[in-house]
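Reproduced below: work_9.cif, with mmCIF, C-alpha atoms.
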```cif
data_input
loop_
_atom_site.label_atom_id
_atom_site.label_comp_id
_atom_site.auth_asym_id
_atom_site.auth_seq_id
_atom_site.Cartn_x
_atom_site.Cartn_y
_atom_site.Cartn_z
CA MET C 1 22.77 -7.37 -16.25
CA LEU C 2 19.71 -9.39 -15.24
CA THR C 3 16.95 -9.70 -17.82
CA THR C 4 14.46 -12.55 -17.94
CA SER C 5 14.20 -15.45 -15.51
CA SER C 6 13.30 -19.13 -15.80
CA HIS C 7 12.38 -19.38 -12.11
CA PRO C 8 8.79 -20.73 -11.86
CA ALA C 9 7.78 -17.99 -9.41
CA LEU C 10 8.72 -15.33 -11.98
CA GLN C 11 6.96 -16.78 -15.01
CA ALA C 12 4.45 -14.33 -16.45
CA PRO C 13 0.77 -15.23 -16.05
CA ILE C 14 -1.37 -15.16 -19.19
CA PRO C 15 -2.26 -12.38 -19.62
CA PRO C 16 0.51 -10.70 -17.57
CA ILE C 17 -1.62 -9.31 -14.75
CA LEU C 18 -0.43 -7.57 -11.58
CA VAL C 19 -2.85 -6.81 -8.73
CA PHE C 20 -2.07 -3.87 -6.43
CA THR C 21 -4.33 -3.48 -3.42
CA ASP C 22 -4.92 -1.24 -0.46
CA LEU C 23 -5.72 -3.00 2.81
CA ASP C 24 -8.00 -1.33 5.39
CA GLY C 25 -11.49 -0.95 3.93
CA THR C 26 -10.42 -2.72 0.72
CA LEU C 27 -8.92 -6.20 1.09
CA LEU C 28 -9.47 -6.00 4.86
CA ASP C 29 -12.79 -5.16 6.48
CA HIS C 30 -12.77 -1.57 7.79
CA ASP C 31 -13.92 -2.57 11.29
CA SER C 32 -12.85 -6.18 11.88
CA TYR C 33 -9.75 -6.24 9.64
CA GLY C 34 -10.95 -9.63 8.38
CA PHE C 35 -10.29 -10.85 4.82
CA GLU C 36 -12.28 -14.10 4.72
CA ALA C 37 -14.75 -12.75 2.15
CA ALA C 38 -11.88 -12.24 -0.32
CA LEU C 39 -10.44 -15.77 -0.07
CA PRO C 40 -12.07 -17.17 -3.24
CA ALA C 41 -10.52 -14.41 -5.36
CA LEU C 42 -7.15 -14.70 -3.61
CA THR C 43 -7.17 -18.43 -4.31
CA ALA C 44 -8.03 -17.81 -7.97
CA LEU C 45 -5.16 -15.32 -8.33
CA LYS C 46 -2.64 -17.72 -6.78
CA ALA C 47 -3.83 -20.52 -9.06
CA ARG C 48 -3.01 -18.29 -12.06
CA ASN C 49 0.39 -17.22 -10.66
CA ILE C 50 -0.79 -13.58 -10.57
CA PRO C 51 1.21 -11.47 -8.08
CA VAL C 52 -0.81 -9.68 -5.40
CA VAL C 53 1.07 -6.59 -4.22
CA LEU C 54 -0.09 -5.04 -0.96
CA ASN C 55 0.12 -1.24 -1.40
CA THR C 56 -0.78 0.37 1.88
CA SER C 57 -0.20 3.07 4.46
CA LYS C 58 0.72 0.31 6.93
CA THR C 59 4.29 -0.33 8.06
CA ALA C 60 6.63 -3.13 7.05
CA ALA C 61 6.39 -4.50 10.60
CA GLU C 62 2.60 -4.78 10.22
CA LEU C 63 2.79 -6.45 6.82
CA LEU C 64 5.22 -9.26 7.59
CA PRO C 65 2.75 -11.24 9.76
CA LEU C 66 -0.22 -10.24 7.58
CA ARG C 67 1.48 -11.62 4.47
CA GLN C 68 1.87 -14.92 6.29
CA GLU C 69 -1.83 -14.92 7.17
CA LEU C 70 -2.72 -14.17 3.54
CA ASP C 71 -0.10 -16.65 2.25
CA LEU C 72 1.37 -13.98 -0.04
CA HIS C 73 5.02 -13.97 -1.11
CA ASP C 74 5.16 -11.10 -3.59
CA PRO C 75 6.86 -7.74 -3.00
CA PHE C 76 4.83 -5.18 -1.05
CA ILE C 77 4.65 -1.39 -0.76
CA VAL C 78 4.47 0.35 2.61
CA GLU C 79 3.70 3.76 4.12
CA ASN C 80 1.83 5.16 1.11
CA GLY C 81 4.49 4.36 -1.48
CA ALA C 82 7.52 5.22 0.67
CA ALA C 83 9.28 1.88 0.11
CA ILE C 84 9.04 -1.31 -1.92
CA ILE C 85 10.01 -4.37 0.13
CA SER C 86 10.70 -8.00 -0.70
CA ASP C 87 12.03 -11.01 1.17
CA GLN C 88 15.77 -10.92 0.58
CA ALA C 89 15.75 -14.55 -0.58
CA ALA C 90 12.80 -14.12 -2.97
CA PRO C 91 13.54 -14.81 -6.66
CA ILE C 92 12.54 -11.27 -7.64
CA SER C 93 14.89 -9.55 -5.18
CA PRO C 94 17.99 -9.42 -7.47
CA TYR C 95 15.87 -7.62 -10.08
CA LEU C 96 14.57 -5.18 -7.47
CA GLU C 97 18.05 -4.52 -6.15
CA GLN C 98 19.32 -3.83 -9.67
CA SER C 99 16.48 -1.31 -10.19
CA ASN C 100 17.35 0.88 -7.21
CA PRO C 101 20.89 1.93 -6.15
CA THR C 102 19.62 2.84 -2.66
CA ALA C 103 18.33 -0.69 -1.96
CA ARG C 104 19.40 -2.08 1.40
CA VAL C 105 19.00 -5.30 3.35
CA GLN C 106 17.24 -4.77 6.66
CA GLN C 107 16.05 -6.92 9.55
CA ILE C 108 12.53 -5.51 9.97
CA ALA C 109 11.40 -7.89 12.71
CA ALA C 110 13.34 -10.41 14.76
CA ASP C 111 11.13 -13.38 13.90
CA TYR C 112 11.33 -12.90 10.12
CA PRO C 113 14.11 -13.33 7.53
CA PRO C 114 15.94 -10.22 6.32
CA SER C 115 14.13 -8.01 3.82
CA LEU C 116 15.29 -6.05 0.80
CA VAL C 117 14.09 -2.44 1.20
CA LEU C 118 13.90 -0.03 -1.75
CA PRO C 119 13.22 3.46 -0.33
CA GLN C 120 11.23 5.77 -2.59
CA CYS C 121 11.89 8.72 -0.25
CA ASP C 122 14.74 9.49 2.10
CA HIS C 123 13.48 11.06 5.31
CA SER C 124 10.82 10.93 8.02
CA PRO C 125 8.53 13.91 8.66
CA VAL C 126 8.51 13.41 12.45
CA PRO C 127 11.37 15.84 13.35
CA TRP C 128 9.72 18.59 11.29
CA LEU C 129 6.30 17.77 12.77
CA ARG C 130 7.55 18.32 16.30
CA GLN C 131 8.46 21.87 15.34
CA GLN C 132 4.83 22.54 14.31
CA LYS C 133 3.28 21.57 17.65
CA SER C 134 3.18 25.15 18.96
CA GLN C 135 1.23 26.41 15.93
CA PHE C 136 -1.22 23.62 15.01
CA GLU C 137 -3.41 21.24 16.98
CA PHE C 138 -2.84 17.61 16.03
CA ILE C 139 -1.53 14.35 17.42
CA GLY C 140 0.58 11.82 15.58
CA PHE C 141 1.31 8.15 16.16
CA SER C 142 4.76 9.07 17.46
CA ASP C 143 3.06 11.13 20.20
CA MET C 144 0.83 8.24 21.30
CA SER C 145 1.47 5.29 23.53
CA VAL C 146 0.87 1.78 22.19
CA ALA C 147 -2.38 1.68 24.16
CA GLU C 148 -3.55 4.95 22.60
CA VAL C 149 -2.78 3.73 19.06
CA ALA C 150 -4.66 0.52 19.83
CA ASP C 151 -7.62 2.59 21.03
CA VAL C 152 -7.89 4.82 17.93
CA THR C 153 -7.30 1.98 15.45
CA GLY C 154 -9.04 -0.96 17.10
CA LEU C 155 -5.83 -2.98 16.75
CA SER C 156 -4.40 -5.33 19.37
CA ALA C 157 -1.48 -4.03 21.43
CA GLU C 158 0.93 -6.15 19.38
CA LYS C 159 -0.35 -4.78 16.08
CA ALA C 160 -0.48 -1.23 17.45
CA LEU C 161 3.22 -1.50 18.30
CA GLN C 162 3.88 -2.60 14.71
CA ALA C 163 1.84 0.36 13.44
CA LYS C 164 4.04 2.75 15.43
CA ASN C 165 7.19 1.29 13.88
CA ARG C 166 7.29 3.81 11.02
CA LEU C 167 10.29 4.79 8.94
CA PHE C 168 8.95 7.22 6.35
CA SER C 169 5.54 8.66 7.30
CA GLU C 170 3.31 9.75 10.18
CA PRO C 171 -0.46 9.27 10.60
CA LEU C 172 -2.15 12.28 12.19
CA ILE C 173 -5.40 13.03 13.97
CA TRP C 174 -6.19 16.64 13.13
CA HIS C 175 -7.77 18.67 15.95
CA ASP C 176 -7.47 22.13 14.37
CA ASP C 177 -9.87 23.75 11.88
CA MET C 178 -9.80 23.33 8.09
CA GLU C 179 -8.21 26.74 7.50
CA ALA C 180 -5.32 25.69 9.70
CA LEU C 181 -5.15 22.39 7.84
CA ASP C 182 -4.68 24.24 4.53
CA GLN C 183 -1.91 26.35 6.07
CA PHE C 184 -0.28 23.23 7.48
CA ARG C 185 -0.48 21.47 4.09
CA GLN C 186 1.16 24.45 2.33
CA ARG C 187 3.91 24.69 4.92
CA ALA C 188 4.56 20.94 4.68
CA ALA C 189 4.85 21.21 0.90
CA THR C 190 7.64 23.78 1.22
CA GLN C 191 9.59 21.16 3.19
CA GLY C 192 9.05 18.42 0.60
CA PHE C 193 6.19 16.68 2.38
CA ARG C 194 2.71 15.65 1.20
CA LEU C 195 -0.44 15.44 3.32
CA VAL C 196 -3.05 12.92 2.15
CA LYS C 197 -6.27 11.58 3.66
CA GLY C 198 -6.48 7.88 4.34
CA GLY C 199 -9.43 5.81 5.46
CA ARG C 200 -8.93 6.76 9.12
CA PHE C 201 -6.16 9.34 9.43
CA TRP C 202 -4.28 12.09 7.66
CA HIS C 203 -0.85 10.87 6.52
CA LEU C 204 2.20 13.08 6.22
CA MET C 205 5.09 11.77 4.12
CA ALA C 206 7.78 12.75 1.68
CA LYS C 207 6.72 13.25 -1.92
CA SER C 208 6.16 9.60 -2.75
CA ASP C 209 2.78 8.00 -3.39
CA LYS C 210 1.18 4.64 -4.06
CA GLY C 211 0.95 5.30 -7.79
CA LEU C 212 4.65 6.07 -8.27
CA ALA C 213 5.66 2.97 -6.31
CA MET C 214 3.21 0.86 -8.33
CA GLU C 215 4.74 2.13 -11.58
CA LYS C 216 8.25 1.39 -10.32
CA LEU C 217 7.41 -2.19 -9.38
CA SER C 218 5.41 -2.77 -12.55
CA THR C 219 8.49 -1.73 -14.57
CA VAL C 220 10.57 -4.38 -12.78
CA TYR C 221 8.00 -7.05 -13.68
CA GLN C 222 8.00 -5.78 -17.27
CA THR C 223 11.78 -6.37 -17.42
CA ILE C 224 11.39 -9.90 -16.08
CA TRP C 225 8.34 -10.84 -18.16
CA GLN C 226 9.49 -9.02 -21.31
CA THR C 227 5.99 -7.68 -21.75
CA GLN C 228 4.01 -4.83 -20.26
CA PRO C 229 1.91 -5.89 -17.25
CA VAL C 230 -1.82 -5.25 -17.00
CA ASN C 231 -2.18 -3.41 -13.69
CA ILE C 232 -5.33 -3.87 -11.60
CA ALA C 233 -5.48 -1.53 -8.58
CA LEU C 234 -8.03 -1.56 -5.76
CA GLY C 235 -8.51 1.07 -3.05
CA ASP C 236 -11.11 2.98 -1.06
CA GLY C 237 -9.46 6.21 0.14
CA GLU C 238 -8.02 9.49 -1.09
CA ASN C 239 -4.49 8.14 -0.63
CA ASP C 240 -5.37 5.43 -3.20
CA VAL C 241 -6.30 7.88 -5.98
CA ALA C 242 -2.73 8.18 -7.33
CA MET C 243 -2.61 4.40 -7.67
CA LEU C 244 -6.07 4.18 -9.25
CA ASN C 245 -5.18 6.92 -11.76
CA LYS C 246 -2.22 4.91 -13.08
CA ALA C 247 -3.94 1.49 -13.27
CA ASP C 248 -5.30 -0.20 -16.39
CA TYR C 249 -8.25 -1.42 -14.33
CA PRO C 250 -8.85 0.92 -11.34
CA VAL C 251 -11.32 -0.41 -8.77
CA LEU C 252 -12.88 1.88 -6.16
CA VAL C 253 -14.02 -0.29 -3.26
CA THR C 254 -17.03 1.24 -1.53
CA ASN C 255 -16.65 2.01 2.16
CA PRO C 256 -19.57 3.42 4.18
CA ALA C 257 -17.17 4.54 6.93
CA HIS C 258 -16.02 7.59 4.96
CA SER C 259 -16.89 9.71 1.95
CA THR C 260 -16.02 8.51 -1.54
CA PRO C 261 -12.72 9.98 -2.76
CA HIS C 262 -12.70 12.16 -5.84
CA VAL C 263 -11.21 10.35 -8.82
CA PRO C 264 -10.54 12.49 -11.92
CA GLU C 265 -13.11 12.10 -14.68
CA THR C 266 -10.37 10.97 -17.06
CA THR C 267 -10.12 7.72 -15.07
CA THR C 268 -12.66 5.06 -16.07
CA ILE C 269 -13.32 3.66 -12.63
CA ILE C 270 -14.91 0.38 -11.62
CA THR C 271 -16.96 0.79 -8.43
CA THR C 272 -17.78 -2.28 -6.35
CA ARG C 273 -21.38 -3.08 -5.41
CA LYS C 274 -20.34 -4.59 -2.08
CA HIS C 275 -18.12 -3.12 0.63
CA GLY C 276 -14.58 -4.11 1.60
CA PRO C 277 -13.32 -7.65 1.00
CA ALA C 278 -16.68 -8.83 -0.36
CA GLY C 279 -16.54 -6.17 -3.06
CA TRP C 280 -12.85 -6.94 -3.63
CA ASN C 281 -13.68 -10.60 -4.14
CA GLU C 282 -16.61 -10.03 -6.47
CA THR C 283 -14.74 -7.58 -8.68
CA ILE C 284 -11.50 -9.58 -8.94
CA LEU C 285 -13.43 -12.72 -9.92
CA ALA C 286 -15.34 -10.75 -12.56
CA LEU C 287 -12.11 -9.25 -13.97
CA LEU C 288 -10.44 -12.67 -14.07
CA GLU C 289 -13.39 -14.04 -16.01
CA GLN C 290 -13.10 -11.10 -18.42
CA LEU C 291 -9.32 -11.07 -18.84
CA THR C 292 -8.05 -14.63 -18.51
CA PRO C 293 -8.60 -17.50 -20.95
CA ASP C 294 -10.65 -20.54 -19.92
#
```
Could you quickly redo this structure as structure tokens?
Amino acid sequence: MLTTSSHPALQAPIPPILVFTDLDGTLLDHDSYGFEAALPALTALKARNIPVVLNTSKTAAELLPLRQELDLHDPFIVENGAAIISDQAAPISPYLEQSNPTARVQQIAADYPPSLVLPQCDHSPVPWLRQQKSQFEFIGFSDMSVAEVADVTGLSAEKALQAKNRLFSEPLIWHDDMEALDQFRQRAATQGFRLVKGGRFWHLMAKSDKGLAMEKLSTVYQTIWQTQPVNIALGDGENDVAMLNKADYPVLVTNPAHSTPHVPETTTIITTRKHGPAGWNETILALLEQLTPD
């Protein structure tokens, strides 16, 4: 059985911090998808060997090139907690594989090395969704062309194609009324699906969430580091609340593009003064100053 590791990439930072972050409207600007304003904090985290785990509604196909742009090599969580993914050759992958008997190696994109995929749910909602078309008014990504997805997201055609490459969830644009939405949500629940609001779309998925996936991955790091990680989580939408609720330091990143999600009063939340990556940067730097030794 694997326990601790002497590999430099798996040495625990002091203190043993993990950062879990949403993307759109949080680490990435809501409109431009830029992250330049967060670079000082990203650099500071890398200098301290602190893992930065992307925890997003985006697909694995979208995250592979983005991780290269961000120069991140840590595991990542896709489709609202539906799967934890790591490069197959990464030092942490044997520990991840040991933690999940359903782990599989998968070639997510032709231009990238194989990935280790740890599903946190086992089925897509799309077949069930197609049966609901006659009773509710909505459109999902699977119904749209690449051009249509690009239009509603502001993504390039290449990135829109990656966004359509979904394995576990489906973003929806709801065209029906709120009463119908409640009926749809209840009917989805009877089939084992959850409906949550993201920064732009409704997301239908199996009963996984960002918080459960964060806990799972944090437990793997705890095994490797032999100490309990300090989890910092940052997000801006309703689909981030489960992650924020389970974090030691939950950070709500302000986003003027949508209403502020409701976070239970039992959660002591940190709210950023600035929006998006600028707020992300300011808050991470402040937390590092508070938590890490000189």
TODO: Taking the file above as input, evaluate the PyMOL selection byres ((chain C and resi 49) around 10) and report the hits as a ChimeraX atom specification.
DONE: /C:8-14,16-18,43-48,50-52
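Nearest to His73 (chain C) of all the residues C:Leu155, C:Ala60, C:Val19, C:Val53 is C:Val53, counting only C-alpha atoms.
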- [ ] Determine the residue membership of the PyMOL selection byres ((chain C and resi 76) around 7) for the file above and supply it as a ChimeraX atom specification.
- [x] /C:53-55,74-75,77-78,84-86
With C-alpha atoms retained, could you export that selection as a PDB file, in the coordinates of the input?
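File part-v2.pdb, as written:
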```pdb
ATOM      1  CA  VAL C  53       1.070  -6.590  -4.220  1.00  0.00           C
ATOM      2  CA  LEU C  54      -0.090  -5.040  -0.960  1.00  0.00           C
ATOM      3  CA  ASN C  55       0.120  -1.240  -1.400  1.00  0.00           C
ATOM      4  CA  ASP C  74       5.160 -11.100  -3.590  1.00  0.00           C
ATOM      5  CA  PRO C  75       6.860  -7.740  -3.000  1.00  0.00           C
ATOM      6  CA  ILE C  77       4.650  -1.390  -0.760  1.00  0.00           C
ATOM      7  CA  VAL C  78       4.470   0.350   2.610  1.00  0.00           C
ATOM      8  CA  ILE C  84       9.040  -1.310  -1.920  1.00  0.00           C
ATOM      9  CA  ILE C  85      10.010  -4.370   0.130  1.00  0.00           C
ATOM     10  CA  SER C  86      10.700  -8.000  -0.700  1.00  0.00           C
TER      11      SER C  86
END
```
Task: the PyMOL selection byres ((chain C and resi 104) around 10) resolved against shown file, as number ranges by chain - done: C: 85, 88, 97, 100-103, 105-106, 115-119
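Going from CA of Tyr95 (chain C) to CA of Gln226 (chain C) covers 13.0 Å.
The spacing separating CA of Arg194 (chain C) from CA of Ala233 (chain C) amounts to 21.4 Å.
CA of Asp22 (chain C) lies 21.1 Å from CA of Leu96 (chain C).
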Please, which residues in region 95-172 of chain C fall within 8 Å of region 201-211 of chain C when counting only C-alpha atoms, and what is the closest atom pair and distance in Å to one decimal for each, ordered by chain then residue number, as a Markdown table?
```
| residue | atom | partner | partner_atom | distance |
| --- | --- | --- | --- | --- |
| C:Gln120 | CA | C:Ser208 | CA | 6.4 |
| C:Cys121 | CA | C:Ala206 | CA | 6.1 |
| C:Asp122 | CA | C:Ala206 | CA | 7.7 |
| C:His123 | CA | C:Ala206 | CA | 7.0 |
| C:Ser124 | CA | C:Met205 | CA | 7.0 |
| C:Pro125 | CA | C:Met205 | CA | 6.1 |
| C:Phe168 | CA | C:Met205 | CA | 6.4 |
| C:Ser169 | CA | C:Met205 | CA | 4.5 |
| C:Glu170 | CA | C:Leu204 | CA | 5.3 |
| C:Pro171 | CA | C:His203 | CA | 4.4 |
| C:Leu172 | CA | C:Trp202 | CA | 5.0 |
```
Closest contacts (region 10-124 of chain C/region 270-285 of chain C, max 6 Å, only C-alpha atoms) as CSV:
```
residue,atom,partner,partner_atom,distance
C:Gly25,CA,C:Gly276,CA,5.0
C:Thr26,CA,C:Gly276,CA,4.5
C:Leu27,CA,C:Pro277,CA,4.6
C:Leu28,CA,C:Pro277,CA,5.7
C:Asp29,CA,C:Gly276,CA,5.3
C:Phe35,CA,C:Pro277,CA,5.8
C:Ala37,CA,C:Ala278,CA,5.0
C:Ala38,CA,C:Asn281,CA,4.5
C:Ala41,CA,C:Asn281,CA,5.1
```
- [ ] Fewer than 6 positions away in the same chain doesn't count, so skip those; otherwise give me all residues within 12 Å of Gly199 (chain C), counting all atoms listed in the file, as a ChimeraX atom specification.
- [x] /C:22-26,28-31,56-58,153,171-173,235-240,253-261,276
Within 10 Å of region 185-191 of chain C: each region 15-132 of chain C residue with its shortest pair, all atoms listed in the file, as CSV:
```
residue,atom,partner,partner_atom,distance
C:Pro125,CA,C:Ala188,CA,9.0
C:Trp128,CA,C:Gln191,CA,8.5
C:Leu129,CA,C:Ala188,CA,8.9
C:Gln132,CA,C:Arg187,CA,9.7
```
I'd like the contact shell of Leu161 (chain C) - 12 Å cut-off, all atoms listed in the file, skipping same-chain residues fewer than 4 positions apart - returned as an mmCIF file with C-alpha atoms, in the coordinates of the input.
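Contents of out.cif, as written:
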```cif
data_model
loop_
_atom_site.group_PDB
_atom_site.id
_atom_site.type_symbol
_atom_site.label_atom_id
_atom_site.label_comp_id
_atom_site.auth_asym_id
_atom_site.auth_seq_id
_atom_site.Cartn_x
_atom_site.Cartn_y
_atom_site.Cartn_z
ATOM 1 C CA LYS C 58 0.720 0.310 6.930
ATOM 2 C CA THR C 59 4.290 -0.330 8.060
ATOM 3 C CA ALA C 60 6.630 -3.130 7.050
ATOM 4 C CA ALA C 61 6.390 -4.500 10.600
ATOM 5 C CA GLU C 62 2.600 -4.780 10.220
ATOM 6 C CA ALA C 109 11.400 -7.890 12.710
ATOM 7 C CA PHE C 141 1.310 8.150 16.160
ATOM 8 C CA SER C 142 4.760 9.070 17.460
ATOM 9 C CA MET C 144 0.830 8.240 21.300
ATOM 10 C CA SER C 145 1.470 5.290 23.530
ATOM 11 C CA VAL C 146 0.870 1.780 22.190
ATOM 12 C CA ALA C 147 -2.380 1.680 24.160
ATOM 13 C CA GLU C 148 -3.550 4.950 22.600
ATOM 14 C CA VAL C 149 -2.780 3.730 19.060
ATOM 15 C CA ALA C 150 -4.660 0.520 19.830
ATOM 16 C CA ASP C 151 -7.620 2.590 21.030
ATOM 17 C CA THR C 153 -7.300 1.980 15.450
ATOM 18 C CA LEU C 155 -5.830 -2.980 16.750
ATOM 19 C CA SER C 156 -4.400 -5.330 19.370
ATOM 20 C CA ALA C 157 -1.480 -4.030 21.430
ATOM 21 C CA ASN C 165 7.190 1.290 13.880
ATOM 22 C CA ARG C 166 7.290 3.810 11.020
#
```
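The point (0.8, 22.5, 15.7) has these residues within 10 Å of it, counting all atoms listed in the file: Leu129, Arg130, Gln131, Gln132, Lys133, Ser134, Gln135, Phe136, Glu137, Phe138, Ile139, Trp174, His175, Asp176, Ala180, Leu181 and Phe184 of chain C.
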Around all the atoms of region 90-98 of chain C listed in the file, with 6 Å of room on each side, what axis-aligned box do you get, giving centre and edge lengths in Å to one decimal, as lines of an AutoDock Vina configuration file?
```
center_x = 15.9
center_y = -9.3
center_z = -6.5
size_x = 18.8
size_y = 23.0
size_z = 19.1
```
